[in-house]
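What follows is one structure encoded as structure tokens, with my remarks underneath.
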Amino acid sequence: MLKIVNVSKKYKNNNVLKNINLEINKGEVVSIIGKSGCGKSTLLKCINRLETIDDGNIYFDSIDITEMNISDLRQKIGIVFQEYNLFEHLTVLQNLTLGLTKIKKYSDIYAEKESIKILKKIGLEDKINSYPDELSGGQKQRVAIARTLLMKPKLILLDEPTSALDKEMKKEVINLIISMVKDDMTLLIVSHEEDFVNKISDKIIHIQNGKAIIQDNKNKKEIE
Ligand SMILES: Nc1ncnc2c1ncn2[C@@H]1O[C@H](COP(=O)(O)OP(=O)(O)O)[C@@H](O)[C@H]1O
Ligand SMILES: [Mg+2]
């Protein structure tokens with residue numbers, strides 16, 4: 001599904017990514033770990049074309065992503081950031097329906113129906129008319145993930161989805177991600193939660209000095 005071939009990226013004279021190669025197949029869960037500043041977010045941004053690459057190619061379903069229409073690419077590859085990125089001036093429901101009506105062109109009625117369905121699934125139906133600043137960090141992150149899920153991307157990138165959260169809230173978000181793994185979604189997750197990463201991942205990517213070291217984790221994976 002995703003193929004990263006000899007990708008390099010530098011900021012001025014900072015060679016962040018050096019000749020990265022990585023393949024993600026449909027239904028696989030791949031995690032990225034590595035020290036702060038090693039280039040994990042940069043790699044995710046390159047995959048979604050939020051950053052350009054200096055060398056190499058990234059293919060999605062065999063098409064070079066630079067040749068894809070950007071809106072099409074971002075509908076196929078959803079991204080969830082560490083800091084939620086919800087629209088503060090919109091309610092939870094409005095945050096969820098926005099992409100469905102504006103990008104997917106679904107009717108308001110259909111968008112609301114689907115949004116309510118997913119809010120029930122993540123246990124936040126009582127927050128439907130709340131604004132993001134009335135939610136806890138864990139609730140915000142679950143809404144942010146739900147918003148991405150509603151767009152039905154083929155691949156979801158999650159950048160440290162639990163790192164801004166305390167222990168209880170982490171658990172809520174981790175449980176949501178586990179349910180996504182069980183639904184056979186294709187995921188690329190940056191996370192420092194070692195136990196969690198070991199449990200869900202088919203492959204673990206260690207980024208060290210700009211290089212990606214790939215560890216096969218299929219035998220240790222506990223969630224199918
Ligand atoms: N837009 C940018 N301009 C210049 N340097 C950047 C930019 N974004 C990230 N960097 C640098 O690139 C390196 C990798 O950053 P990042 O991918 O955010 O690391 P990580 O997500 O692994 O913590 C860091 O040294 C960071 O300072
Ligand atoms: Mg980062």
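The way I read the labels, and the way they are meant: chains A, B, ... in the order of the structure tokens, residue 1 as the first residue of every chain, and ligand 1 as the first ligand shown, with later ones counted on from there.
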Would you list the residues that come within 12 Å of ligand 2? Count only C-alpha atoms and all ligand atoms and give the answer as a compact mmCIF listing (two decimals) with C-alpha atoms, in the first residue's frame.
```txt
# COMPACT_ATOMS: atom_id res chain seq x y z
CA ILE A 32 7.88 4.23 14.69
CA ILE A 33 10.00 4.83 17.75
CA GLY A 34 13.09 6.93 18.34
CA LYS A 35 14.45 9.82 20.36
CA SER A 36 12.83 13.22 20.35
CA GLY A 37 14.01 15.16 17.30
CA CYS A 38 15.09 12.08 15.31
CA GLY A 39 12.66 12.75 12.46
CA LYS A 40 9.52 10.74 13.27
CA SER A 41 7.07 13.58 12.64
CA THR A 42 9.05 14.65 9.60
CA LEU A 43 8.62 11.21 8.06
CA LEU A 44 4.85 11.26 8.63
CA LYS A 45 4.63 14.76 7.16
CA VAL A 80 -3.89 12.52 13.51
CA PHE A 81 -1.59 14.94 15.26
CA GLN A 82 -0.34 15.00 18.84
CA GLU A 83 -2.17 18.26 19.55
CA LEU A 158 -0.92 8.82 14.13
CA ASP A 159 1.77 11.08 15.57
CA GLU A 160 2.25 10.40 19.29
CA PRO A 161 -1.51 10.20 19.84
CA SER A 163 1.87 11.68 24.55
CA ALA A 164 -0.01 14.78 25.75
CA ILE A 189 1.89 5.10 14.57
CA VAL A 190 4.59 7.12 16.27
CA SER A 191 4.48 6.21 19.95
CA HIS A 192 6.72 5.92 22.99
CA ILE A 207 14.90 5.78 13.66
```
Give the helix (DSSP H, G or I) residues of stretch 18-88 of chain A, as DSSP finds them on the backbone, and put them as number ranges by chain. A: 40-47, 65-67, 70-76
Could you give me, as a ChimeraX atom specification, each residue of stretch 38-184 of chain A that DSSP assigns to strand (DSSP E or B) when run on this structure's backbone? /A:55-60,63-64,77-80,155-159
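Between atom CA of A:Ile223 and atom 16 (P, counted along the ligand's line) of ligand 1 the interatomic distance comes to 28.6 Å.
Distance check against ligand 1 using only C-alpha atoms and all ligand atoms: of A:Lys26, A:Lys170, A:Lys102, A:Lys9, the minimum falls on A:Lys9.
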For A:Ile53, the closest of A:Val29, A:Ser8, A:Ile79, A:Leu22 counting only C-alpha atoms is A:Ser8
Hey, what's within 9 Å of A:Gln75 if we count only C-alpha atoms and toss same-chain stuff fewer than 5 positions away? As a PyMOL selection string, please? chain A and resi 70+103-104+151-154
Expected file: the selected residues, N, CA, C and O atoms, as a PDB file, in the first residue's frame:
```
ATOM      1  N   ILE A  70      -3.489  16.468  -4.382  1.00  0.00           N
ATOM      2  CA  ILE A  70      -3.215  16.558  -2.941  1.00  0.00           C
ATOM      3  C   ILE A  70      -4.444  16.233  -2.088  1.00  0.00           C
ATOM      4  O   ILE A  70      -4.342  15.572  -1.044  1.00  0.00           O
ATOM      5  N   ILE A 103     -15.588  18.090   1.973  1.00  0.00           N
ATOM      6  CA  ILE A 103     -14.641  17.360   1.122  1.00  0.00           C
ATOM      7  C   ILE A 103     -15.329  16.182   0.428  1.00  0.00           C
ATOM      8  O   ILE A 103     -15.229  16.026  -0.781  1.00  0.00           O
ATOM      9  N   LYS A 104     -16.044  15.390   1.210  1.00  0.00           N
ATOM     10  CA  LYS A 104     -16.707  14.209   0.618  1.00  0.00           C
ATOM     11  C   LYS A 104     -18.042  14.564  -0.041  1.00  0.00           C
ATOM     12  O   LYS A 104     -18.639  13.723  -0.719  1.00  0.00           O
ATOM     13  N   MET A 151     -13.654   9.874   7.534  1.00  0.00           N
ATOM     14  CA  MET A 151     -13.256  10.106   6.143  1.00  0.00           C
ATOM     15  C   MET A 151     -12.858   8.801   5.441  1.00  0.00           C
ATOM     16  O   MET A 151     -12.543   8.794   4.262  1.00  0.00           O
ATOM     17  N   LYS A 152     -12.828   7.705   6.205  1.00  0.00           N
ATOM     18  CA  LYS A 152     -12.485   6.379   5.687  1.00  0.00           C
ATOM     19  C   LYS A 152     -11.195   6.371   4.846  1.00  0.00           C
ATOM     20  O   LYS A 152     -11.193   5.909   3.681  1.00  0.00           O
ATOM     21  N   PRO A 153     -10.102   6.852   5.421  1.00  0.00           N
ATOM     22  CA  PRO A 153      -8.833   6.781   4.688  1.00  0.00           C
ATOM     23  C   PRO A 153      -8.358   5.328   4.605  1.00  0.00           C
ATOM     24  O   PRO A 153      -8.778   4.495   5.406  1.00  0.00           O
ATOM     25  N   LYS A 154      -7.499   5.048   3.629  1.00  0.00           N
ATOM     26  CA  LYS A 154      -6.975   3.677   3.513  1.00  0.00           C
ATOM     27  C   LYS A 154      -5.846   3.463   4.515  1.00  0.00           C
ATOM     28  O   LYS A 154      -5.597   2.344   4.950  1.00  0.00           O
TER      29      LYS A 154
END
```
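Computed from the coordinates, the atom CA of A:Ile214 to atom CA of A:Asp61 distance equals 21.0 Å.
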Polymer residues at most 12 Å from A:Ala111, only C-alpha atoms, same-chain spacing of 2 or more positions, as a list in words: Leu93, Gln94, Asn95, Leu96, Thr97, Leu98, Gly99, Leu100, Thr101, Lys102, Ile103, Lys104, Lys105, Tyr106, Ser107, Asp108, Ile109, Lys113, Glu114, Ser115, Ile116, Lys117, Ile118, Arg147, Leu150 and Met151 of chain A
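Proximity of A:Ser31, A:Val92, A:Asn129, A:Glu67 to A:Glu194, computed with only C-alpha atoms, is greatest for A:Ser31.
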